[in-house]
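*Asks:* So that you have it, the file is upload.txt, and it contains compact mmCIF, C-alpha atoms and all ligand atoms:
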# COMPACT_ATOMS: atom_id res chain seq x y z
CA MET A 1 110.95 84.59 120.40
CA THR A 2 108.05 86.94 120.93
CA TYR A 3 106.25 88.35 117.97
CA PRO A 4 103.01 90.19 117.18
CA LEU A 5 99.86 88.16 116.60
CA ARG A 6 98.24 90.65 114.26
CA TYR A 7 99.39 92.86 111.41
CA PRO A 8 98.63 96.50 112.33
CA ASP A 9 97.41 97.39 108.82
CA ALA A 10 94.86 94.57 108.52
CA GLN A 11 91.24 94.30 109.52
CA PHE A 12 90.93 91.19 111.73
CA ILE A 13 88.00 88.94 110.82
CA PRO A 14 88.50 85.56 112.50
CA ALA A 15 88.08 82.37 110.50
CA TYR A 16 85.80 79.66 111.91
CA VAL A 17 87.71 77.97 114.75
CA GLY A 18 87.47 74.55 113.07
CA ASN A 19 89.20 75.86 109.96
CA HIS A 20 92.63 76.25 111.53
CA GLY A 21 94.98 74.56 113.98
CA PRO A 22 95.73 75.35 117.67
CA ARG A 23 98.04 78.08 118.94
CA SER A 24 101.28 76.22 118.40
CA MET A 25 103.41 78.23 116.00
CA ILE A 26 106.90 79.07 117.20
CA GLY A 27 108.20 82.20 115.53
CA ALA A 28 111.70 80.85 115.04
CA ASP A 29 110.30 77.90 113.09
CA ILE A 30 108.59 80.04 110.47
CA ARG A 31 110.49 79.33 107.28
CA ARG A 32 108.48 80.86 104.48
CA ILE A 33 105.76 83.23 103.32
CA VAL A 34 103.43 81.41 100.93
CA VAL A 35 101.63 83.33 98.19
CA HIS A 36 98.22 82.11 96.99
CA ILE A 37 95.55 83.13 94.51
CA ALA A 38 91.96 82.82 95.70
CA GLN A 39 90.34 81.90 92.38
CA GLY A 40 87.60 84.34 93.31
CA GLY A 41 86.75 87.91 92.47
CA THR A 42 85.91 89.44 95.86
CA ILE A 43 87.29 89.62 99.38
CA ASN A 44 83.77 89.03 100.73
CA GLY A 45 83.65 85.64 99.03
CA LEU A 46 86.86 84.66 100.78
CA ILE A 47 85.63 85.97 104.16
CA ALA A 48 82.45 83.90 103.81
CA TRP A 49 84.44 80.78 102.87
CA PHE A 50 86.85 80.99 105.82
CA LYS A 51 83.90 81.50 108.20
CA ASP A 52 82.14 78.44 106.77
CA PRO A 53 82.59 75.31 108.98
CA LYS A 54 82.57 73.20 105.83
CA ALA A 55 85.69 74.87 104.44
CA LYS A 56 88.36 73.18 106.62
CA VAL A 57 90.86 75.66 105.17
CA SER A 58 92.09 79.12 106.09
CA SER A 59 94.84 81.63 105.45
CA HIS A 60 96.53 84.11 107.76
CA PHE A 61 95.88 86.96 105.34
CA ALA A 62 94.05 87.95 102.19
CA ILE A 63 94.59 91.01 100.02
CA ALA A 64 91.81 92.55 97.94
CA GLN A 65 92.39 94.09 94.52
CA ASP A 66 92.10 97.60 96.02
CA GLY A 67 94.88 96.76 98.50
CA GLU A 68 92.67 96.13 101.56
CA VAL A 69 94.27 93.55 103.88
CA VAL A 70 92.20 91.16 106.01
CA GLN A 71 93.70 88.84 108.62
CA PHE A 72 91.79 85.65 109.50
CA VAL A 73 94.14 83.69 111.76
CA GLU A 74 96.55 85.05 114.39
CA LEU A 75 100.24 84.52 113.80
CA ASP A 76 100.81 82.03 116.63
CA THR A 77 98.16 79.79 115.07
CA VAL A 78 98.47 77.36 112.18
CA ALA A 79 96.40 78.31 109.14
CA TRP A 80 95.38 75.41 106.93
CA ALA A 81 96.55 76.27 103.45
CA GLU A 82 99.68 74.28 102.61
CA ALA A 83 99.13 70.71 103.88
CA ALA A 84 102.49 69.37 105.14
CA TYR A 85 103.99 72.89 105.28
CA ASN A 86 101.22 74.52 107.37
CA GLU A 87 103.20 74.60 110.61
CA THR A 88 106.21 76.40 109.20
CA SER A 89 104.44 78.83 106.85
CA ILE A 90 102.54 82.09 106.89
CA SER A 91 99.90 82.27 104.15
CA ILE A 92 98.77 85.22 102.05
CA GLU A 93 95.76 84.83 99.75
CA HIS A 94 95.14 87.29 96.93
CA VAL A 95 91.76 87.98 95.39
CA GLY A 96 91.82 87.20 91.67
CA PHE A 97 92.48 84.36 89.26
CA THR A 98 95.48 82.32 88.19
CA GLY A 99 97.08 83.50 84.96
CA HIS A 100 96.45 87.17 85.84
CA GLN A 101 98.71 89.67 87.58
CA LEU A 102 98.08 91.38 90.91
CA THR A 103 96.76 94.93 90.60
CA GLY A 104 99.11 97.81 91.49
CA PRO A 105 97.51 98.49 94.92
CA GLN A 106 97.35 94.76 95.62
CA LEU A 107 101.02 94.27 94.80
CA ALA A 108 101.95 97.28 96.95
CA ALA A 109 99.93 95.97 99.92
CA SER A 110 101.37 92.48 99.48
CA LEU A 111 104.94 93.80 99.43
CA LYS A 112 104.34 95.90 102.51
CA LEU A 113 102.95 92.88 104.36
CA ILE A 114 105.80 90.63 103.13
CA ARG A 115 108.35 93.17 104.32
CA TRP A 116 106.71 93.40 107.73
CA LEU A 117 106.52 89.60 108.12
CA SER A 118 110.12 89.31 106.96
CA HIS A 119 111.19 91.71 109.69
CA GLU A 120 109.10 90.13 112.47
CA PHE A 121 109.90 86.49 111.67
CA ASP A 122 113.38 86.82 110.22
CA VAL A 123 112.35 85.22 106.92
CA PRO A 124 114.14 86.73 103.91
CA ALA A 125 111.94 89.01 101.76
CA LYS A 126 113.35 87.22 98.74
CA ARG A 127 111.84 84.84 96.25
CA THR A 128 112.60 81.16 96.57
CA ALA A 129 111.25 78.32 94.46
CA SER A 130 112.33 75.66 96.95
CA PRO A 131 110.52 74.75 100.20
CA ASP A 132 113.94 74.05 101.71
CA ILE A 133 115.15 77.63 101.26
CA PRO A 134 113.53 80.29 103.51
CA GLY A 135 111.81 83.12 101.67
CA VAL A 136 108.73 84.00 99.63
CA ILE A 137 107.35 81.05 97.70
CA GLY A 138 104.33 80.27 95.53
CA HIS A 139 101.92 77.65 96.85
CA GLY A 140 102.45 75.54 93.73
CA GLU A 141 106.19 75.51 94.35
CA LEU A 142 105.54 73.46 97.50
CA GLY A 143 104.58 70.56 95.25
CA VAL A 144 102.48 67.56 96.22
CA LEU A 145 103.41 67.83 99.91
CA GLY A 146 102.05 71.38 99.89
CA GLY A 147 98.67 70.20 98.67
CA ASN A 148 99.43 69.91 94.94
CA HIS A 149 98.14 73.24 93.63
CA PRO A 150 100.53 73.83 90.72
CA ASP A 151 98.59 76.84 89.36
CA CYS A 152 98.56 78.75 92.66
CA PRO A 153 99.20 81.66 92.34
CA GLY A 154 100.31 81.27 88.70
CA ALA A 155 103.38 82.36 86.75
CA PRO A 156 102.45 86.04 86.14
CA ILE A 157 102.15 86.80 89.87
CA LEU A 158 105.34 84.93 90.72
CA SER A 159 107.27 86.88 88.10
CA GLN A 160 105.79 90.15 89.42
CA LEU A 161 106.98 89.28 92.92
CA THR A 162 110.37 88.11 91.71
CA HIS A 163 110.81 91.38 89.85
CA VAL A 164 109.85 93.71 92.67
CA LEU A 165 111.51 91.75 95.47
CA SER A 166 114.81 91.71 93.61
CA ALA A 167 114.53 95.49 93.07
CA ASP A 168 113.34 96.06 96.61
CA GLN A 169 116.51 96.35 98.65
CA PRO A 170 116.20 98.63 101.67
CA PRO A 171 118.71 101.52 101.42
CA HIS A 172 120.65 100.53 104.53
CA THR A 173 121.62 97.23 102.93
CA LEU A 174 123.06 98.94 99.83
CA ASP A 175 126.79 99.39 99.70
CA PRO A 176 127.71 103.01 100.31
CA PRO A 177 128.46 104.80 97.04
CA THR A 178 132.18 104.66 96.38
CA LYS A 179 132.38 107.13 93.51
CA GLU A 180 130.26 109.83 92.00
CA THR A 181 129.39 109.82 88.33
CA ALA A 182 127.88 112.29 85.92
CA VAL A 183 125.17 109.91 84.74
CA LYS A 184 121.97 111.73 83.86
CA LEU A 185 118.72 110.54 85.38
CA PRO A 186 116.35 109.03 82.78
CA PHE A 187 113.50 110.65 84.70
CA THR A 188 112.98 113.61 87.01
CA VAL A 189 112.26 113.40 90.67
CA ALA A 190 108.81 114.84 89.94
CA GLN A 191 108.14 112.03 87.45
CA LEU A 192 109.27 109.44 89.96
CA LYS A 193 106.88 110.86 92.53
CA VAL A 194 104.01 110.74 90.02
CA PHE A 195 104.76 107.11 89.14
CA VAL A 196 104.75 106.16 92.78
CA ALA A 197 101.59 108.12 93.59
CA GLU A 198 99.70 106.54 90.70
CA ALA A 199 100.79 103.05 91.66
CA GLY A 200 99.52 103.55 95.19
CA ALA A 201 102.59 104.50 97.24
CA LEU A 202 104.49 101.37 96.40
CA PHE A 203 107.73 101.91 98.28
CA VAL A 204 108.39 103.68 101.53
CA TYR A 205 112.05 103.66 100.58
CA VAL A 206 111.57 105.91 97.59
CA ASN A 207 112.30 109.06 99.55
CA ASP A 208 115.76 107.78 100.33
CA PHE A 209 116.49 107.06 96.69
CA VAL A 210 115.08 110.40 95.60
CA LYS A 211 117.70 112.18 97.66
CA ALA A 212 120.22 110.92 95.13
CA ASP A 213 118.98 113.41 92.57
CA HIS A 214 119.52 116.44 94.77
CA ILE A 215 123.26 116.42 94.33
CA THR A 216 125.39 116.82 91.25
CA GLY A 217 127.10 113.65 90.12
CA THR A 218 124.52 111.18 91.34
CA PRO A 219 125.88 107.98 92.87
CA LEU A 220 125.34 105.26 90.32
CA ILE A 221 124.24 102.68 92.81
CA TRP A 222 121.33 104.82 93.97
CA LEU A 223 120.42 105.56 90.38
CA ASN A 224 120.25 101.88 89.55
CA ALA A 225 118.08 101.20 92.55
CA ALA A 226 115.79 104.11 91.65
CA ALA A 227 115.62 102.97 88.02
CA ALA A 228 114.69 99.45 89.10
CA ILE A 229 111.90 100.86 91.23
CA VAL A 230 110.64 103.04 88.41
CA THR A 231 110.58 100.01 86.11
CA ALA A 232 108.58 98.03 88.63
CA VAL A 233 106.25 100.92 89.39
CA SER A 234 105.64 101.99 85.80
CA HIS A 235 104.98 98.36 84.92
CA SER A 236 102.16 98.18 87.43
CA VAL A 237 100.91 101.65 86.45
CA ASN A 238 100.68 100.49 82.84
CA LYS A 239 98.77 97.42 83.93
CA VAL A 240 96.31 99.51 85.92
CA ALA A 241 95.90 101.93 83.03
CA ALA A 242 95.38 99.09 80.55
CA LYS A 243 92.75 97.59 82.82
CA LYS A 244 90.84 100.85 83.09
CA THR A 245 90.47 101.14 79.33
CA THR A 246 89.24 97.60 78.69
ZN ZN A 301 97.08 78.21 97.18
So that I can check it, write out the structure of this file as structure tokens.
*Replies:*
Amino acid sequence: MTYPLRYPDAQFIPAYVGNHGPRSMIGADIRRIVVHIAQGGTINGLIAWFKDPKAKVSSHFAIAQDGEVVQFVELDTVAWAEAAYNETSISIEHVGFTGHQLTGPQLAASLKLIRWLSHEFDVPAKRTASPDIPGVIGHGELGVLGGNHPDCPGAPILSQLTHVLSADQPPHTLDPPTKETAVKLPFTVAQLKVFVAEAGALFVYVNDFVKADHITGTPLIWLNAAAAIVTAVSHSVNKVAAKKTT
């Protein structure tokens, strides 16, 4: 299996060579995408830590609160972040603290990266709470064998990811609409576009869902998918708005 070593939308800043393993990862063996929280407020702090020979840890990726993505370790190389699970995992750090949510742009960037990794490594872009089931898992869910970090990344971030990943089904995997209904949209296409713009272009699939509103008798299945997206997006918009006023 050949696969890319770097994510095209990340800035590559290599970790210190003694903070990660050798080039030994086999793409077909990648079983999970592990989500972490950095317990730090800036991406620069994380960059400095992974470059520090004393650290003895690393992550493939980190995502800043403005959505910037940095890659530290190439994808054929073992990052040191999950103890016994290092060799079968790809790691994503997030700037911030346990008990908080990801910001809207951070969540959007994380989802985009998760979707890309899922495609390249054939790991489901779905939440799992078990290390034995391939998918997207929190570091703490790996238990003692994963390094025993039960608060990483914390319940609010895991529930955010669970929510958006369950709503985030690419259109081609939806069943084709079997009947048309006269259900009225609870929002206009213009409103949907505003939600998405304010949340930082969360879903590339939105355009496909939006098409559903251009015809009379909108297929219910598309409506439900669009409504789920709007819920996820407006949730993160509200969070961003709340943050700005405090
Ligand atoms: Zn962690």
*Asks:* Counting only C-alpha atoms and all ligand atoms, which residues in chain A sit no more than 6 Å from ligand ZN 301 (chain A)? For each one, give the nearest pair of atoms and the distance in Å, sorted by chain then residue number, as a tab-separated table.
*Replies:*
residue	atom	partner	partner_atom	distance
A:His36	CA	A:ZN301	ZN	4.1
A:Ile37	CA	A:ZN301	ZN	5.8
A:His139	CA	A:ZN301	ZN	4.9
A:Cys152	CA	A:ZN301	ZN	4.8
*Asks:* Of the candidates A:Val69, A:Ile137, A:Ile33, A:Ala84, which shows the shortest atom-to-atom distance to Ile114 in chain A, using all atoms listed in the file?
*Replies:*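 Checking each candidate against Ile114 in chain A, we get A:Ile33 as the closest.
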*Asks:* Compute the distance from (105.8, 89.4, 108.4) to each atom, counting only C-alpha atoms, keep the residues with any atom at most 12 Å away, and return them as an mmCIF file with C-alpha atoms, in the frame of the given file; use the coordinates of the file.
*Replies:*
data_model
loop_
_atom_site.group_PDB
_atom_site.id
_atom_site.type_symbol
_atom_site.label_atom_id
_atom_site.label_comp_id
_atom_site.auth_asym_id
_atom_site.auth_seq_id
_atom_site.Cartn_x
_atom_site.Cartn_y
_atom_site.Cartn_z
ATOM 1 C CA TYR A 3 106.250 88.350 117.970
ATOM 2 C CA PRO A 4 103.010 90.190 117.180
ATOM 3 C CA LEU A 5 99.860 88.160 116.600
ATOM 4 C CA ARG A 6 98.240 90.650 114.260
ATOM 5 C CA TYR A 7 99.390 92.860 111.410
ATOM 6 C CA PRO A 8 98.630 96.500 112.330
ATOM 7 C CA ASP A 9 97.410 97.390 108.820
ATOM 8 C CA GLY A 27 108.200 82.200 115.530
ATOM 9 C CA ILE A 30 108.590 80.040 110.470
ATOM 10 C CA ARG A 31 110.490 79.330 107.280
ATOM 11 C CA ARG A 32 108.480 80.860 104.480
ATOM 12 C CA ILE A 33 105.760 83.230 103.320
ATOM 13 C CA VAL A 34 103.430 81.410 100.930
ATOM 14 C CA HIS A 60 96.530 84.110 107.760
ATOM 15 C CA PHE A 61 95.880 86.960 105.340
ATOM 16 C CA GLU A 74 96.550 85.050 114.390
ATOM 17 C CA LEU A 75 100.240 84.520 113.800
ATOM 18 C CA SER A 89 104.440 78.830 106.850
ATOM 19 C CA ILE A 90 102.540 82.090 106.890
ATOM 20 C CA SER A 91 99.900 82.270 104.150
ATOM 21 C CA ILE A 92 98.770 85.220 102.050
ATOM 22 C CA SER A 110 101.370 92.480 99.480
ATOM 23 C CA LEU A 111 104.940 93.800 99.430
ATOM 24 C CA LYS A 112 104.340 95.900 102.510
ATOM 25 C CA LEU A 113 102.950 92.880 104.360
ATOM 26 C CA ILE A 114 105.800 90.630 103.130
ATOM 27 C CA ARG A 115 108.350 93.170 104.320
ATOM 28 C CA TRP A 116 106.710 93.400 107.730
ATOM 29 C CA LEU A 117 106.520 89.600 108.120
ATOM 30 C CA SER A 118 110.120 89.310 106.960
ATOM 31 C CA HIS A 119 111.190 91.710 109.690
ATOM 32 C CA GLU A 120 109.100 90.130 112.470
ATOM 33 C CA PHE A 121 109.900 86.490 111.670
ATOM 34 C CA ASP A 122 113.380 86.820 110.220
ATOM 35 C CA VAL A 123 112.350 85.220 106.920
ATOM 36 C CA PRO A 124 114.140 86.730 103.910
ATOM 37 C CA ALA A 125 111.940 89.010 101.760
ATOM 38 C CA GLY A 135 111.810 83.120 101.670
ATOM 39 C CA VAL A 136 108.730 84.000 99.630
#
*Asks:* Of the residues A:Leu158, A:Ile26, A:Ile63, A:Val70, which is the one nearest to Ala10 in chain A, using all atoms listed in the file?
*Replies:*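 Among the listed residues, A:Val70 lies closest to Ala10 in chain A.
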*Asks:* Kindly indicate which residue among A:Ala38, A:Leu46, A:Val57, A:Val144 lies nearest to Glu93 in chain A, using only C-alpha atoms for the distances.
*Replies:* A:Ala38
*Asks:* Quote the spacing between CA of Tyr85 in chain A and CA of Lys54 in chain A in Å to one decimal place.
*Replies:*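 It comes out at 21.4 Å.
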*Asks:* Could you jot down the CA of His100 in chain A to CA of Ile157 in chain A separation for me, Å, one decimal place?
*Replies:*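 Spanning CA of His100 in chain A to CA of Ile157 in chain A is a straight-line distance of 7.0 Å.
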*Asks:* To one decimal in Å, tell me the separation between CA of Glu82 in chain A and CA of Asp151 in chain A.
*Replies:* 13.5 Å
*Asks:* Which residues are close to Tyr16 in chain A, i.e. within 8 Å by only C-alpha atoms, leaving aside same-chain residues fewer than 4 positions away? Reply as a list in words.
*Replies:*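 Result of the neighbour search: His20, Phe50, Lys51, Asp52 and Pro53 of chain A.
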*Asks:* I'd like to know which of A:Ala15, A:Asp66, A:Trp49, A:Thr162 is closest to Gln106 in chain A, using all atoms listed in the file.
*Replies:* A:Asp66
